[in-house]
Amino acid sequence: MIKRQISLLICLLLSLLTLSAQRYNVGEVPNLVNSDNKSYHFGFILGLNTLDFNPYQSGEILEDGKIWYGEDINFEVGFSIGIISDLRLAEHLDMRFCPVLYFGERTLRFVDKDGNERDGGVVTVKSNLISLPLLFKIRGQRARNVRPYFLGGFAGTIAVGRDKEAPIMLKTTDYGPEIGFGFDIYLPYFKLCPEFKAFFGLSDVINRDRPDIANVEDLKFSGGESGGKGVFSKLTSRIFAISFNFE
């Protein structure tokens, strides 16, 4: 409930900032004319995100003699905060290091081939992540007080606050490419940058070594009981984020 209220508050705040910023785009006098010539600058990030799994089904017959399938359900919106360190490399190219803390959760539903759900219902996976991306920012041509840009690079993530007794627990680290785009909006005193980013994890994020799991029956879902793959041969992570950068 608290997360939902915070997310709604952020949505309202960002909408008001966007509407306020639009009127500066039509002005005849450009704002912050020398801001893009600085060798480096800093800022902070405030935004919303949704965390997602990309499941690969194993099709294995598990210890109970059944084939189970798992799917990521529910569209949960979380919020995110971060900081920006930007180094100017050329007129249209910057390098950025932008650590972000993502708050969110994901929900997995397990069913057997007959459509029967796992005893205990769905599994909620706590998914608070620290993302450490190194990105290149390719800037387009400035038009009045707006300048488009594209992002591309590589990121590592660290899972924090994991539930060690849950049926599915994530590994501590992940890595993968990150891409995005946005707009620099030049206001009188700072840049406001609406931005969309997507992260696509490459590694299998399931922790299959689970000696401390609360319910031994749930080991079959992660593959820890028999040394097999369990329900998923591989489970990768994805992050989709909309943010406003203040620079």
# chains A, B, ... in the order shown; residues from 1 in each chain; ligands from 1
$ residues_around --residues "Phe181 of chain A" --least-positions-apart "3" --cutoff "12 Å" --atoms "only C-alpha atoms" --output "VMD selection string"
chain A and resid 135 to 140 147 to 152 178 184 193 to 198 241 to 244
$ atom_distance --atom1 "atom CA of Lys38 of chain A" --atom2 "atom CA of Tyr189 of chain A"
14.8 Å
$ closest_residue --among "A:Val123, A:Val77, A:Ile185, A:Leu202" --to "Leu51 of chain A" --atoms "only C-alpha atoms"
A:Val77
$ select_by_dssp --residues "segment 155-213 of chain A" --states "strand (DSSP E)" --output "PyMOL selection string"
chain A and resi 155-160+173-186+191-200
$ residues_around --residues "Phe53 of chain A" --least-positions-apart "5" --cutoff "9 Å" --atoms "only C-alpha atoms" --output "mmCIF file with N, CA and C atoms, in the first residue's frame"
data_model
loop_
_atom_site.group_PDB
_atom_site.id
_atom_site.type_symbol
_atom_site.label_atom_id
_atom_site.label_comp_id
_atom_site.auth_asym_id
_atom_site.auth_seq_id
_atom_site.Cartn_x
_atom_site.Cartn_y
_atom_site.Cartn_z
ATOM 1 N N GLU A 71 5.182 -19.038 -14.616
ATOM 2 C CA GLU A 71 4.995 -17.820 -15.397
ATOM 3 C C GLU A 71 5.029 -16.608 -14.475
ATOM 4 N N ASP A 72 5.496 -15.511 -15.029
ATOM 5 C CA ASP A 72 5.525 -14.242 -14.309
ATOM 6 C C ASP A 72 4.172 -13.571 -14.497
ATOM 7 N N ARG A 106 8.289 -9.193 -7.890
ATOM 8 C CA ARG A 106 7.753 -9.975 -9.002
ATOM 9 C C ARG A 106 6.980 -11.168 -8.447
ATOM 10 N N LEU A 108 5.476 -15.053 -9.267
ATOM 11 C CA LEU A 108 5.509 -16.256 -10.099
ATOM 12 C C LEU A 108 4.351 -17.173 -9.738
ATOM 13 N N LEU A 235 16.158 -18.664 -15.887
ATOM 14 C CA LEU A 235 15.261 -17.556 -15.569
ATOM 15 C C LEU A 235 16.080 -16.276 -15.606
ATOM 16 N N THR A 236 15.780 -15.412 -16.577
ATOM 17 C CA THR A 236 16.523 -14.161 -16.698
ATOM 18 C C THR A 236 15.662 -12.991 -16.246
ATOM 19 N N SER A 237 16.322 -11.884 -15.984
ATOM 20 C CA SER A 237 15.667 -10.720 -15.393
ATOM 21 C C SER A 237 15.629 -9.565 -16.383
ATOM 22 N N ARG A 238 14.561 -8.767 -16.286
ATOM 23 C CA ARG A 238 14.442 -7.569 -17.121
ATOM 24 C C ARG A 238 13.945 -6.409 -16.263
ATOM 25 N N ILE A 239 14.387 -5.213 -16.612
ATOM 26 C CA ILE A 239 13.950 -3.997 -15.929
ATOM 27 C C ILE A 239 13.522 -2.985 -16.982
#
$ closest_residue --among "A:Ile67, A:Leu134, A:Cys98, A:Ala155" --to "Asp174 of chain A" --atoms "only C-alpha atoms"
A:Ala155
$ atom_distance --atom1 "atom CA of Pro133 of chain A" --atom2 "atom CA of Ile84 of chain A"
10.4 Å
$ atom_distance --atom1 "atom CA of Lys113 of chain A" --atom2 "atom CA of Gly70 of chain A"
10.7 Å
$ closest_residue --among "A:Thr50, A:Ser131, A:Gln141, A:Asn207" --to "Phe154 of chain A" --atoms "only C-alpha atoms"
A:Ser131
